[in-house]
Every structure is written in C-alpha cells, then in structure tokens.
>>> print(open('structure_19.cif').read())   # mmCIF, C-alpha atoms and all ligand atoms
data_model
loop_
_atom_site.label_atom_id
_atom_site.label_comp_id
_atom_site.auth_asym_id
_atom_site.auth_seq_id
_atom_site.Cartn_x
_atom_site.Cartn_y
_atom_site.Cartn_z
CA MET A 1 -14.65 31.99 16.79
CA ALA A 2 -11.80 34.17 15.54
CA ARG A 3 -8.63 32.44 14.42
CA ASP A 4 -6.61 33.81 17.36
CA ASP A 5 -9.17 32.43 19.80
CA TRP A 6 -9.03 28.91 18.52
CA GLU A 7 -5.25 29.03 18.36
CA THR A 8 -5.08 29.75 22.08
CA VAL A 9 -7.20 26.72 22.99
CA ALA A 10 -5.27 24.28 20.81
CA PRO A 11 -3.71 21.68 23.14
CA PHE A 12 -0.63 21.26 20.96
CA PRO A 13 0.48 24.47 19.27
CA GLU A 14 2.10 22.60 16.38
CA THR A 15 -1.19 20.91 15.57
CA LEU A 16 -2.60 23.95 13.86
CA ALA A 17 0.60 24.68 11.99
CA GLU A 18 0.82 21.09 10.74
CA ILE A 19 -2.83 21.04 9.79
CA ARG A 20 -2.47 24.27 7.82
CA GLU A 21 0.58 22.91 6.06
CA ALA A 22 -1.39 19.82 5.04
CA ASN A 23 -3.92 21.91 3.14
CA GLY A 24 -5.61 22.70 6.41
CA GLU A 25 -7.81 25.32 4.85
CA THR A 26 -9.82 22.57 3.14
CA TYR A 27 -11.02 21.31 6.56
CA ARG A 28 -12.85 24.54 7.10
CA TYR A 29 -14.95 23.81 4.00
CA CYS A 30 -16.29 20.66 5.65
CA TYR A 31 -20.01 21.05 6.22
CA GLN A 32 -20.31 17.88 8.30
CA CYS A 33 -22.41 15.93 5.82
CA GLY A 34 -21.01 12.63 7.07
CA LYS A 35 -20.44 11.12 3.62
CA CYS A 36 -16.92 10.20 4.67
CA ASP A 37 -18.25 8.14 7.57
CA ALA A 38 -20.85 6.48 5.36
CA VAL A 39 -18.20 5.09 2.99
CA CYS A 40 -15.40 4.43 5.47
CA PRO A 41 -14.73 0.69 5.86
CA TRP A 42 -14.27 1.10 9.59
CA ASN A 43 -17.98 1.67 9.94
CA ARG A 44 -18.59 -1.83 8.65
CA VAL A 45 -16.76 -3.26 11.66
CA ARG A 46 -16.88 -0.63 14.44
CA GLY A 47 -17.63 3.04 15.02
CA PHE A 48 -15.15 5.58 13.63
CA SER A 49 -15.77 9.13 12.48
CA MET A 50 -13.49 10.94 10.05
CA ARG A 51 -16.16 13.66 10.05
CA ARG A 52 -15.49 14.26 13.74
CA ILE A 53 -11.71 14.22 13.22
CA VAL A 54 -12.07 16.86 10.51
CA ARG A 55 -14.28 19.00 12.73
CA GLU A 56 -11.95 18.81 15.72
CA ALA A 57 -8.92 19.44 13.54
CA SER A 58 -10.49 22.52 12.02
CA PHE A 59 -10.44 23.98 15.54
CA GLY A 60 -7.01 22.56 16.37
CA LEU A 61 -8.63 20.47 19.08
CA THR A 62 -7.63 16.97 18.05
CA GLU A 63 -6.92 14.56 20.88
CA ILE A 64 -3.49 13.56 19.67
CA GLU A 65 -3.31 10.67 22.13
CA SER A 66 -6.45 9.03 20.71
CA GLU A 67 -6.30 5.64 18.96
CA ASP A 68 -8.57 7.15 16.31
CA VAL A 69 -5.68 9.27 15.00
CA TRP A 70 -4.09 5.96 13.93
CA ARG A 71 -7.12 4.20 12.54
CA CYS A 72 -7.33 5.58 8.97
CA THR A 73 -5.75 3.16 6.51
CA THR A 74 -5.39 5.98 3.96
CA CYS A 75 -7.53 3.86 1.63
CA GLY A 76 -8.65 6.92 -0.31
CA THR A 77 -12.36 6.10 -0.33
CA CYS A 78 -13.66 9.13 1.55
CA PRO A 79 -11.69 11.81 -0.33
CA GLN A 80 -13.26 10.66 -3.60
CA GLU A 81 -16.75 11.03 -2.10
CA CYS A 82 -16.33 14.31 -0.23
CA PRO A 83 -18.44 17.07 -1.83
CA ARG A 84 -16.20 19.77 -0.32
CA GLY A 85 -12.80 18.55 -1.47
CA VAL A 86 -11.51 17.90 2.04
CA GLN A 87 -8.21 16.00 2.05
CA GLN A 88 -8.76 13.54 4.84
CA VAL A 89 -5.67 11.40 4.20
CA GLU A 90 -3.33 14.39 4.35
CA LEU A 91 -5.05 15.54 7.53
CA GLY A 92 -4.56 12.15 9.18
CA VAL A 93 -0.87 12.12 8.25
CA ALA A 94 -0.43 15.67 9.57
CA LEU A 95 -1.92 14.66 12.91
CA ARG A 96 0.42 11.68 13.09
CA ARG A 97 3.34 13.99 12.42
CA VAL A 98 2.33 16.03 15.45
CA ALA A 99 1.89 12.87 17.55
CA SER A 100 5.34 11.71 16.43
CA LYS A 101 6.88 15.05 17.30
CA TYR A 102 5.58 14.77 20.86
CA ASP A 103 6.28 11.03 20.93
CA VAL A 104 2.64 10.37 21.78
CA PHE A 105 1.73 6.85 20.70
CA PRO A 106 -1.33 5.12 22.13
CA ALA A 107 -0.87 1.39 22.77
CA GLY A 108 -2.29 0.36 19.40
CA ALA A 109 0.13 2.59 17.48
CA ARG A 110 3.33 1.58 19.25
CA PRO A 111 4.25 -1.08 16.66
CA ALA A 112 4.25 1.71 14.07
CA ARG A 113 6.88 3.50 16.14
CA ALA A 114 8.87 0.30 16.71
CA VAL A 115 9.48 -0.27 12.97
CA ARG A 116 11.34 3.02 12.71
CA ALA A 117 14.48 1.62 14.32
CA SER A 118 14.65 -1.28 11.88
CA LEU A 119 14.01 1.05 8.95
CA THR A 120 16.77 3.39 10.09
CA LEU A 121 19.34 0.68 10.71
CA GLU A 122 18.51 -1.98 8.14
CA GLY A 123 16.31 -0.25 5.56
CA ASN A 124 13.31 -2.51 6.15
CA PRO A 125 10.47 -2.63 8.71
CA LEU A 126 10.80 -6.35 9.38
CA ASN A 127 13.87 -6.44 11.63
CA GLU A 128 15.80 -8.26 8.93
CA GLU A 129 19.43 -7.75 7.99
CA ARG A 130 20.11 -5.47 5.07
CA ALA A 131 22.81 -7.87 3.87
CA ARG A 132 20.19 -10.59 3.37
CA ARG A 133 17.80 -8.56 1.24
CA GLY A 134 18.77 -10.37 -1.95
CA ASP A 135 18.82 -13.87 -0.46
CA TRP A 136 15.43 -14.75 -1.97
CA ALA A 137 17.03 -14.65 -5.43
CA ARG A 138 19.92 -16.96 -4.66
CA ASP A 139 19.99 -19.93 -7.04
CA LEU A 140 17.31 -18.37 -9.27
CA GLY A 141 19.75 -16.97 -11.81
CA VAL A 142 18.75 -13.38 -11.02
CA ARG A 143 21.54 -10.92 -11.79
CA PRO A 144 22.58 -7.78 -9.94
CA PHE A 145 21.38 -4.67 -11.76
CA GLU A 146 23.86 -3.18 -14.25
CA GLU A 147 23.57 -0.02 -16.29
CA GLY A 148 22.03 -0.70 -19.68
CA MET A 149 19.65 -3.42 -18.49
CA GLU A 150 16.07 -3.06 -19.67
CA ILE A 151 14.60 -2.68 -16.18
CA LEU A 152 15.45 -2.59 -12.53
CA TYR A 153 13.17 -4.99 -10.67
CA PHE A 154 12.63 -3.15 -7.37
CA VAL A 155 11.51 -6.01 -5.14
CA GLY A 156 10.36 -4.23 -1.96
CA CYS A 157 10.67 -5.21 1.70
CA TYR A 158 7.93 -7.81 2.06
CA TYR A 159 8.72 -9.58 -1.23
CA SER A 160 12.38 -9.70 -0.21
CA TYR A 161 11.99 -11.05 3.32
CA ASP A 162 8.53 -12.40 4.03
CA ARG A 163 8.41 -16.16 3.51
CA ARG A 164 4.98 -16.08 1.87
CA LEU A 165 5.80 -13.21 -0.45
CA ARG A 166 9.20 -14.48 -1.48
CA LYS A 167 7.30 -17.07 -3.51
CA ALA A 168 5.73 -14.22 -5.49
CA ALA A 169 9.14 -12.59 -6.02
CA ALA A 170 10.52 -15.92 -7.29
CA ALA A 171 7.50 -16.27 -9.58
CA THR A 172 8.15 -12.77 -10.91
CA ALA A 173 11.77 -13.61 -11.67
CA ARG A 174 10.67 -16.77 -13.52
CA ILE A 175 8.19 -14.82 -15.65
CA LEU A 176 10.69 -12.10 -16.55
CA GLN A 177 13.32 -14.67 -17.46
CA ARG A 178 10.85 -16.60 -19.63
CA ALA A 179 9.90 -13.38 -21.44
CA GLY A 180 13.59 -12.65 -22.10
CA VAL A 181 13.61 -9.42 -20.12
CA ARG A 182 17.09 -8.16 -19.27
CA PHE A 183 16.59 -7.22 -15.66
CA GLY A 184 18.52 -7.03 -12.42
CA ILE A 185 17.95 -6.39 -8.73
CA LEU A 186 19.85 -4.21 -6.29
CA GLY A 187 19.93 -6.70 -3.40
CA GLU A 188 21.35 -5.05 -0.30
CA ARG A 189 21.63 -1.74 -2.19
CA GLU A 190 17.82 -1.58 -2.22
CA GLY A 191 16.02 0.02 0.76
CA CYS A 192 12.42 0.52 1.85
CA CYS A 193 10.51 2.97 -0.34
CA GLY A 194 9.28 4.73 2.81
CA GLU A 195 5.66 5.08 1.72
CA SER A 196 3.96 3.57 4.76
CA VAL A 197 6.25 4.97 7.40
CA ARG A 198 5.61 8.43 5.97
CA LYS A 199 1.89 7.83 6.52
CA THR A 200 2.67 7.21 10.20
CA GLY A 201 4.13 10.69 10.48
CA ALA A 202 7.85 9.86 10.20
CA GLU A 203 8.56 12.52 7.60
CA GLN A 204 12.29 12.81 8.20
CA LEU A 205 12.81 9.06 8.00
CA PHE A 206 10.84 8.95 4.75
CA ARG A 207 13.12 11.60 3.31
CA GLU A 208 16.23 9.69 4.31
CA LEU A 209 14.92 6.46 2.78
CA ALA A 210 13.87 8.21 -0.41
CA ARG A 211 17.19 10.02 -0.81
CA ALA A 212 19.13 6.78 -0.28
CA ASN A 213 17.15 4.98 -3.00
CA ILE A 214 17.41 7.88 -5.41
CA LYS A 215 21.18 8.12 -4.94
CA THR A 216 21.55 4.38 -5.51
CA TRP A 217 19.49 4.53 -8.70
CA ILE A 218 21.43 7.47 -10.08
CA ASP A 219 24.78 5.85 -9.24
CA ALA A 220 23.65 2.57 -10.82
CA GLY A 221 22.31 4.19 -14.00
CA VAL A 222 18.70 3.15 -13.44
CA ARG A 223 16.06 4.52 -15.81
CA ARG A 224 13.10 2.16 -15.83
CA ILE A 225 11.80 0.51 -12.67
CA VAL A 226 9.28 -2.29 -12.28
CA VAL A 227 7.83 -2.80 -8.80
CA SER A 228 5.68 -5.49 -7.24
CA SER A 229 4.23 -3.36 -4.47
CA PRO A 230 1.60 -0.68 -5.15
CA HIS A 231 3.04 1.20 -2.17
CA CYS A 232 6.47 1.45 -3.84
CA PHE A 233 4.67 2.29 -7.08
CA HIS A 234 2.69 5.10 -5.50
CA THR A 235 5.59 6.73 -3.75
CA PHE A 236 8.09 6.42 -6.61
CA ARG A 237 5.55 7.79 -9.04
CA ASN A 238 3.89 10.51 -6.98
CA GLU A 239 6.21 11.37 -4.09
CA TYR A 240 9.83 10.89 -5.23
CA PRO A 241 9.34 13.66 -7.83
CA GLU A 242 9.32 15.97 -4.77
CA PHE A 243 13.10 15.40 -4.89
CA GLN A 244 13.27 16.67 -8.49
CA VAL A 245 13.85 13.24 -10.02
CA HIS A 246 11.76 11.41 -12.60
CA PHE A 247 12.25 7.71 -13.19
CA GLU A 248 9.92 5.66 -15.31
CA VAL A 249 8.00 3.46 -12.89
CA LEU A 250 5.69 0.59 -13.78
CA HIS A 251 3.75 -1.73 -11.58
CA LEU A 252 4.36 -5.37 -12.43
CA SER A 253 0.76 -5.75 -13.64
CA GLN A 254 1.38 -3.01 -16.21
CA PHE A 255 4.67 -4.48 -17.34
CA LEU A 256 3.17 -7.97 -17.67
CA ARG A 257 0.27 -6.58 -19.66
CA ASP A 258 2.75 -4.96 -22.05
CA LEU A 259 4.80 -8.15 -22.35
CA LEU A 260 1.63 -10.07 -23.22
CA ARG A 261 0.45 -7.48 -25.74
CA ASP A 262 3.87 -7.37 -27.39
CA GLY A 263 3.94 -11.15 -27.66
CA ARG A 264 7.07 -11.44 -25.54
CA LEU A 265 5.25 -13.38 -22.85
CA LYS A 266 3.19 -16.39 -23.88
CA LEU A 267 0.96 -18.25 -21.47
CA THR A 268 0.33 -21.82 -22.52
CA GLY A 269 -0.35 -23.66 -19.27
CA SER A 270 -3.91 -23.84 -18.03
CA VAL A 271 -5.06 -22.50 -14.65
CA PRO A 272 -8.64 -23.77 -14.48
CA ARG A 273 -9.85 -21.76 -11.49
CA ARG A 274 -12.52 -19.27 -10.62
CA VAL A 275 -10.52 -16.25 -9.46
CA ALA A 276 -11.80 -12.98 -7.98
CA TYR A 277 -9.53 -9.96 -8.26
CA HIS A 278 -9.10 -7.54 -5.37
CA ASP A 279 -8.04 -3.98 -6.31
CA PRO A 280 -5.34 -2.81 -3.87
CA CYS A 281 -6.08 0.78 -2.77
CA TYR A 282 -2.68 2.11 -3.84
CA LEU A 283 -2.84 0.48 -7.25
CA GLY A 284 -6.48 1.15 -8.08
CA ARG A 285 -8.09 4.05 -6.27
CA HIS A 286 -4.90 6.05 -5.72
CA ASN A 287 -3.33 5.43 -9.14
CA GLY A 288 -6.08 4.32 -11.50
CA VAL A 289 -4.54 0.95 -12.39
CA PHE A 290 -7.68 -1.18 -12.65
CA ASP A 291 -7.59 -2.71 -16.11
CA GLU A 292 -4.04 -4.00 -16.45
CA PRO A 293 -4.19 -6.71 -13.75
CA ARG A 294 -7.57 -7.83 -15.09
CA GLU A 295 -6.18 -7.99 -18.63
CA VAL A 296 -3.31 -10.15 -17.37
CA LEU A 297 -5.68 -12.50 -15.55
CA ARG A 298 -7.94 -12.78 -18.60
CA ALA A 299 -4.92 -13.86 -20.62
CA VAL A 300 -4.39 -16.88 -18.38
CA PRO A 301 -5.81 -19.93 -20.16
CA GLY A 302 -8.61 -21.67 -18.26
CA LEU A 303 -9.00 -18.93 -15.65
CA GLU A 304 -12.46 -17.51 -15.01
CA LEU A 305 -12.24 -13.95 -13.71
CA LEU A 306 -14.88 -12.89 -11.19
CA GLU A 307 -15.71 -9.46 -9.80
CA LEU A 308 -16.21 -8.80 -6.11
CA SER A 309 -19.19 -6.82 -4.87
CA ASP A 310 -16.94 -3.84 -4.02
CA ALA A 311 -14.63 -3.44 -7.00
CA ARG A 312 -12.48 -0.88 -8.78
CA GLN A 313 -13.00 2.66 -7.32
CA ARG A 314 -15.17 1.16 -4.60
CA SER A 315 -12.76 -1.62 -3.69
CA LEU A 316 -12.84 -2.58 -0.02
CA CYS A 317 -9.51 -1.86 1.65
CA CYS A 318 -7.64 -4.87 3.09
CA GLY A 319 -6.85 -2.87 6.24
CA GLY A 320 -3.05 -2.77 5.81
CA GLY A 321 -2.40 0.71 4.46
CA GLY A 322 -1.32 3.82 6.35
CA GLY A 323 0.99 1.78 8.59
CA ARG A 324 -1.90 -0.40 9.84
CA ILE A 325 0.03 -3.40 8.50
CA TRP A 326 2.24 -3.06 11.58
CA MET A 327 -0.57 -2.54 14.08
CA ASP A 328 -2.75 -5.18 15.61
CA THR A 329 -6.38 -5.17 14.53
CA PRO A 330 -8.63 -7.24 16.80
CA ARG A 331 -10.69 -10.09 15.41
CA GLY A 332 -14.07 -8.85 14.32
CA GLU A 333 -12.57 -5.57 13.09
CA ARG A 334 -10.52 -6.84 10.14
CA PHE A 335 -11.62 -5.62 6.72
CA SER A 336 -9.74 -8.57 5.24
CA ASP A 337 -12.28 -10.93 6.82
CA LEU A 338 -15.06 -9.12 4.99
CA ARG A 339 -13.14 -9.28 1.73
CA LEU A 340 -12.62 -13.03 1.98
CA ASP A 341 -16.34 -13.41 2.67
CA GLN A 342 -17.09 -11.39 -0.46
CA ALA A 343 -14.78 -13.63 -2.50
CA ARG A 344 -16.45 -16.75 -1.15
CA ASP A 345 -19.89 -15.25 -1.84
CA VAL A 346 -19.15 -14.83 -5.55
CA GLY A 347 -17.98 -18.44 -5.72
CA ALA A 348 -14.26 -17.75 -6.05
CA GLU A 349 -11.80 -20.57 -5.50
CA ALA A 350 -9.02 -18.02 -5.16
CA LEU A 351 -8.71 -14.35 -4.29
CA ALA A 352 -5.99 -12.75 -6.40
CA THR A 353 -4.29 -9.46 -5.81
CA ALA A 354 -1.01 -7.67 -6.43
CA CYS A 355 0.05 -6.07 -3.15
CA PRO A 356 2.15 -7.39 -0.27
CA TYR A 357 -0.07 -5.88 2.40
CA CYS A 358 -3.26 -7.29 0.91
CA ILE A 359 -1.69 -10.74 0.66
CA THR A 360 -0.46 -10.52 4.27
CA MET A 361 -3.83 -9.35 5.61
CA PHE A 362 -5.79 -11.96 3.64
CA GLU A 363 -3.45 -14.79 4.61
CA ASP A 364 -3.74 -13.75 8.28
CA SER A 365 -7.51 -13.83 8.00
CA ARG A 366 -7.42 -17.26 6.41
CA LEU A 367 -5.16 -18.57 9.15
CA THR A 368 -7.44 -17.37 11.94
CA ARG A 369 -10.52 -18.72 10.14
CA GLU A 370 -9.32 -22.14 9.11
CA GLY A 371 -12.05 -24.61 8.28
CA GLU A 372 -14.49 -21.95 7.01
CA GLY A 373 -14.03 -22.87 3.36
CA LEU A 374 -12.42 -19.56 2.42
CA PRO A 375 -10.77 -19.16 -1.00
CA ALA A 376 -7.02 -19.47 -1.49
CA VAL A 377 -5.02 -16.23 -1.66
CA LEU A 378 -2.75 -15.77 -4.67
CA GLU A 379 -0.41 -13.08 -5.92
CA LEU A 380 -0.86 -12.10 -9.56
CA ALA A 381 2.68 -13.24 -10.41
CA GLU A 382 2.04 -16.67 -8.90
CA ILE A 383 -0.94 -17.20 -11.19
CA VAL A 384 0.95 -16.04 -14.27
CA ALA A 385 3.95 -18.23 -13.40
CA GLU A 386 1.62 -21.21 -13.10
CA ALA A 387 0.52 -20.60 -16.69
CA LEU A 388 4.03 -20.42 -18.20
S1 LIG B 1 -17.52 14.07 3.39
FE1 LIG B 1 -16.29 15.97 3.41
S2 LIG B 1 -17.76 17.63 3.85
FE2 LIG B 1 -18.75 15.69 4.38
S3 LIG B 1 -18.29 15.41 6.58
FE3 LIG B 1 -16.71 14.31 5.46
S4 LIG B 1 -15.04 15.79 5.26
FE4 LIG B 1 -16.87 16.98 5.80
S1 LIG B 2 -9.24 7.22 3.83
FE1 LIG B 2 -10.38 5.27 4.05
S2 LIG B 2 -9.93 4.50 6.14
FE2 LIG B 2 -9.31 6.67 6.05
S3 LIG B 2 -11.13 7.73 6.88
FE3 LIG B 2 -11.29 7.74 4.62
S4 LIG B 2 -12.53 5.93 4.11
FE4 LIG B 2 -11.82 5.70 6.26
#
>>> encode(input="structure_19.cif", output="structure tokens", more="lines below")
Ligand code: SF4
Ligand code: SF4
Amino acid sequence: MARDDWETVAPFPETLAEIREANGETYRYCYQCGKCDAVCPWNRVRGFSMRRIVREASFGLTEIESEDVWRCTTCGTCPQECPRGVQQVELGVALRRVASKYDVFPAGARPARAVRASLTLEGNPLNEERARRGDWARDLGVRPFEEGMEILYFVGCYYSYDRRLRKAAAATARILQRAGVRFGILGEREGCCGESVRKTGAEQLFRELARANIKTWIDAGVRRIVVSSPHCFHTFRNEYPEFQVHFEVLHLSQFLRDLLRDGRLKLTGSVPRRVAYHDPCYLGRHNGVFDEPREVLRAVPGLELLELSDARQRSLCCGGGGGRIWMDTPRGERFSDLRLDQARDVGAEALATACPYCITMFEDSRLTREGEGLPAVLELAEIVAEAL
C-alpha cells in the first residue's frame, strides 16, 4: 500500500504524524516475530499484543479508544528483545498523545486523565495541597535547601504525601543526617517530576512541570540532586536535558553506596533477615543501576540477600509504570502478585525495592492477599535506617 493510501484510511489524521514523530519509521521494520509478546508481562496474566499494536500503528489504524493503548507499563522489556530495533514505549506514548488530543479515554484510563488537574493546580497527582509537601519532614530536623549545601534531596510526590512512603523519606533523612551530609529539601517549592504523566500523553503538562522544577533549582543554586524515586531519576537524567540543563542526579541507592564506600556511613545494627531485591524498571532496565542497591544491602550486617527468578535486565515489572499506578488493575491481572509469589518462592522474609510505585503495588497486593504468608515489603532506606 502506498503511503498516501494508508494516510487516507487513518481514522485520526494526527495518529500518523505523531507516530512518525515518535520514530515511527522503526515500526515499519517490524517483521511480526512476536518476541515482544513473548516477553511482555501482560501475557503472564491476560492476552495483550504489542506486536499487533505495532502492526496497526504502522498503517495508522490504531483504535485510539481501545483499553490496550493504555496497558503498556513502559517497563522496557520488549524493546531490549526486539531484533528490529522497534521503539515500542515511544510508540505507546505517541498513541496516548493522540488519544489525549481528542480527549478519548476508555473507562480504565480515566484516572490517568483525572490526575492532570491535581498536577496542574498542586504539582502532585495525589490531590494533596502543595503547601503541605514538606510536612513529612516536620520535627525531623530537615532543613530547607540553601545554596552551597552538598545535595538537594528531591523527595518526590509519593514519598512526600503517601503515608506508607513517608516512612521511607523519614528513614532517608535519618541516614543522611547520621552520615553528616549537608542536605536540604525544597518543600512546597518542589513539584512533580512529570515522568509518568508524560507517559500518559500529557506532553504540555510535563513541560510545564519540568520547567517549574528547573527554574526553582536554578534560582536556589542547586547542583547535585539525590532522588528516592527511579521515575524522578530517569526523567531528570534523561529527559530534563531536553531543556538544555544538566544537573548531577543520583539515585539514593547510588549515593548510599558512595557514602558506605567512603566510610561516611557506618552500619552497625544487625538486620537478620532473608531479603530479596526487586529491580525497579526505571532504575534497572532503563538506567542500568543494578549493582548499587545490592551493594548497599550486602553492607547491612546480618542481612542475607536473595535473588528473584526474574532479576536485573529481566526483572518483572510491578505494574505501576507508564501511568498504570493511577489506573485500576483487576485482581488476577496484577504483576505485583506474581512478584510477591516469586519472593515467597525463594524463601524471602522481605521483598526490598527502591521505588514508590513498586512499594505501592506490592503493598496493595499484600493487603488484598492477607493470610497467604507473603513477605513483608521494605524500602531500601528503611532497611539501611534499621542498621544505623
Ligand atoms: S519484537 Fe520487534 S520485530 Fe518482533 S513483533 Fe515485536 S516489534 Fe515487531
Ligand atoms: S514495554 Fe513492557 S509492558 Fe510495554 S509492551 Fe513492552 S514488555 Fe509489555
């Protein structure tokens, strides 16, 4: 079929333009081998075909109103397996941009649209007040960031507001204080990094959030940033440079590893537990940070580190990326359930990770499966703080 022919049958004219912009030419290299479907975690819980999405997109014939457009968690597993270099994640995001432009959201994706108002008004997706962003740090002796401090601790939305994750933020503050790190937070001057909402197709909103953070950092004299969330890490490191800025960004696991190596952080308390480590997609597969969190866990006295059956590059996604954290996933289709089973199968007493979405997904799974003897869920900082 000639290009002009398939353009005339495209149901949404912008679809083709968006697809081309998102390296659309790569979709035409797809030879339908199906490797993407073979490795996609969805096919462990229900049918889903990225291969079909690529094929339809290459003709501009995607059904924009389909729930499948919203299913990909952007975990990054299929792009690393594709023999033709197809960029499936970028394609999925491009399709969501088209859906957003036409305001076409199937029922399952509506929560991803709903968070946009809260992000626009309050700078977080959780319907919380901007003014309360720094409340978690009250009474913990955490200082506002000032120019000249060693690092900015960029806390992130979930660690700032979510009751479960605030414990991890408090643990982080305790560790940094014990190591003598001169750090500060921005409190209400901090806003969402914008990573996940961008993956739902809200490009303009992402740009506004990114510009606001960048301006704040420049005004405050920030140079070095430590983040708890791999999603903040990914976007600050790989996407904010689109705005011609370059800040030094470290994930907390990297910074803790350095503090331990330099002898600034000493762990003396024992944590006698069998702990399995889960690689978050945006820390591991997308950014290659596999060893640092493991090195930190190995430095914890008494802790026995276990490996899950799907680890490192082949880590099984928790299900929360790509904006799925805001969407409802029915029981029986949650990757996090499978991950907890894997942790139990290797004899772990706790499943450790270093991502707010993973923690949220795993804790949700544990709640709905109470009484099944599943391991505890712990954030890396919580384990380290226990060993101080
Ligand atoms: S793995 Fe790549 S070439 Fe194979 S079907 Fe998927 S997108 Fe096409
Ligand atoms: S990026 Fe992950 S969730 Fe998305 S289609 Fe590929 S394997 Fe499936």
>>> atom_distance(input="structure_19.cif", atom1="CA of Pro41 (chain A)", atom2="CA of Cys317 (chain A)")
7.2 Å
>>> residues_near_ligand(input="structure_19.cif", ligand="ligand LIG 1 (chain B)", cutoff="7 Å", atoms="all atoms listed in the file", output="count of residues only")
21
>>> closest_atom_pairs(input="structure_19.cif", of="chain A", to="ligand LIG 2 (chain B)", cutoff="6 Å", atoms="all atoms listed in the file", output="Markdown table")
| residue | atom | partner | partner_atom | distance |
| --- | --- | --- | --- | --- |
| A:Val39 | CA | B:LIG2 | S4 | 5.8 |
| A:Cys40 | CA | B:LIG2 | S4 | 3.5 |
| A:Pro41 | CA | B:LIG2 | FE4 | 5.8 |
| A:Met50 | CA | B:LIG2 | S3 | 5.1 |
| A:Cys72 | CA | B:LIG2 | FE2 | 3.7 |
| A:Thr73 | CA | B:LIG2 | S2 | 4.4 |
| A:Thr74 | CA | B:LIG2 | S1 | 4.0 |
| A:Cys75 | CA | B:LIG2 | FE1 | 4.0 |
| A:Gly76 | CA | B:LIG2 | S1 | 4.2 |
| A:Thr77 | CA | B:LIG2 | S4 | 4.4 |
| A:Cys78 | CA | B:LIG2 | FE3 | 4.1 |
| A:Val89 | CA | B:LIG2 | S1 | 5.5 |
>>> write_last_selection(input="structure_19.cif", atoms="C-alpha atoms", output="PDB file, in the coordinates of the input")
ATOM      1  CA  VAL A  39     -18.200   5.090   2.990  1.00  0.00           C
ATOM      2  CA  CYS A  40     -15.400   4.430   5.470  1.00  0.00           C
ATOM      3  CA  PRO A  41     -14.730   0.690   5.860  1.00  0.00           C
ATOM      4  CA  MET A  50     -13.490  10.940  10.050  1.00  0.00           C
ATOM      5  CA  CYS A  72      -7.330   5.580   8.970  1.00  0.00           C
ATOM      6  CA  THR A  73      -5.750   3.160   6.510  1.00  0.00           C
ATOM      7  CA  THR A  74      -5.390   5.980   3.960  1.00  0.00           C
ATOM      8  CA  CYS A  75      -7.530   3.860   1.630  1.00  0.00           C
ATOM      9  CA  GLY A  76      -8.650   6.920  -0.310  1.00  0.00           C
ATOM     10  CA  THR A  77     -12.360   6.100  -0.330  1.00  0.00           C
ATOM     11  CA  CYS A  78     -13.660   9.130   1.550  1.00  0.00           C
ATOM     12  CA  VAL A  89      -5.670  11.400   4.200  1.00  0.00           C
TER      13      VAL A  89
END
>>> atom_distance(input="structure_19.cif", atom1="CA of Lys167 (chain A)", atom2="CA of Cys355 (chain A)")
13.2 Å
>>> closest_residue(input="structure_19.cif", among="A:Gly201, A:Gly156, A:Gly221, A:Gly47", to="Gly92 (chain A)", atoms="all atoms listed in the file")
A:Gly201
>>> closest_atom_pairs(input="structure_19.cif", of="region 287-373 of chain A", to="region 114-120 of chain A", cutoff="12 Å", atoms="all atoms listed in the file", output="tab-separated table")
residue	atom	partner	partner_atom	distance
A:Gly323	CA	A:Val115	CA	9.8
A:Arg324	CA	A:Val115	CA	11.8
A:Ile325	CA	A:Val115	CA	10.9
A:Trp326	CA	A:Val115	CA	7.9
A:Met327	CA	A:Ala114	CA	10.2
>>> write_last_selection(input="structure_19.cif", atoms="C-alpha atoms", output="mmCIF file, in the coordinates of the input")
data_model
loop_
_atom_site.group_PDB
_atom_site.id
_atom_site.type_symbol
_atom_site.label_atom_id
_atom_site.label_comp_id
_atom_site.auth_asym_id
_atom_site.auth_seq_id
_atom_site.Cartn_x
_atom_site.Cartn_y
_atom_site.Cartn_z
ATOM 1 C CA GLY A 323 0.990 1.780 8.590
ATOM 2 C CA ARG A 324 -1.900 -0.400 9.840
ATOM 3 C CA ILE A 325 0.030 -3.400 8.500
ATOM 4 C CA TRP A 326 2.240 -3.060 11.580
ATOM 5 C CA MET A 327 -0.570 -2.540 14.080
#
>>> closest_residue(input="structure_19.cif", among="A:Leu380, A:Ile218, A:Leu338, A:Leu209", to="Arg294 (chain A)", atoms="all atoms listed in the file")
A:Leu380
>>> closest_atom_pairs(input="structure_19.cif", of="region 149-188 of chain A", to="region 135-143 of chain A", cutoff="8 Å", atoms="all atoms listed in the file", output="tab-separated table")
residue	atom	partner	partner_atom	distance
A:Ser160	CA	A:Trp136	CA	6.2
A:Tyr161	CA	A:Trp136	CA	7.3
A:Arg166	CA	A:Trp136	CA	6.3
A:Ala169	CA	A:Trp136	CA	7.8
A:Ala170	CA	A:Ala137	CA	6.9
A:Ala173	CA	A:Val142	CA	7.0
A:Phe183	CA	A:Arg143	CA	7.3
A:Gly184	CA	A:Arg143	CA	5.0
A:Ile185	CA	A:Arg143	CA	6.5
A:Gly187	CA	A:Asp135	CA	7.8
>>> axis_aligned_box(input="structure_19.cif", around="region 259-278 of chain A", padding_each_side="5 Å", output="JSON")
{"center_x": -2.7, "center_y": -15.6, "center_z": -16.5, "size_x": 29.6, "size_y": 26.5, "size_z": 32.3}
>>> closest_residue(input="structure_19.cif", among="A:Asp341, A:Arg132, A:Asp328, A:Tyr102", to="Glu67 (chain A)", atoms="all atoms listed in the file")
A:Asp328
>>> closest_residue(input="structure_19.cif", among="A:Arg339, A:His286, A:Arg20, A:Arg312", to="Ser58 (chain A)", atoms="only C-alpha atoms")
A:Arg20
>>> residues_around(input="structure_19.cif", residues="His234 (chain A)", least_positions_apart="5", cutoff="9 Å", atoms="all atoms listed in the file", output="ChimeraX atom specification")
/A:195,229,239,282-283,286-287
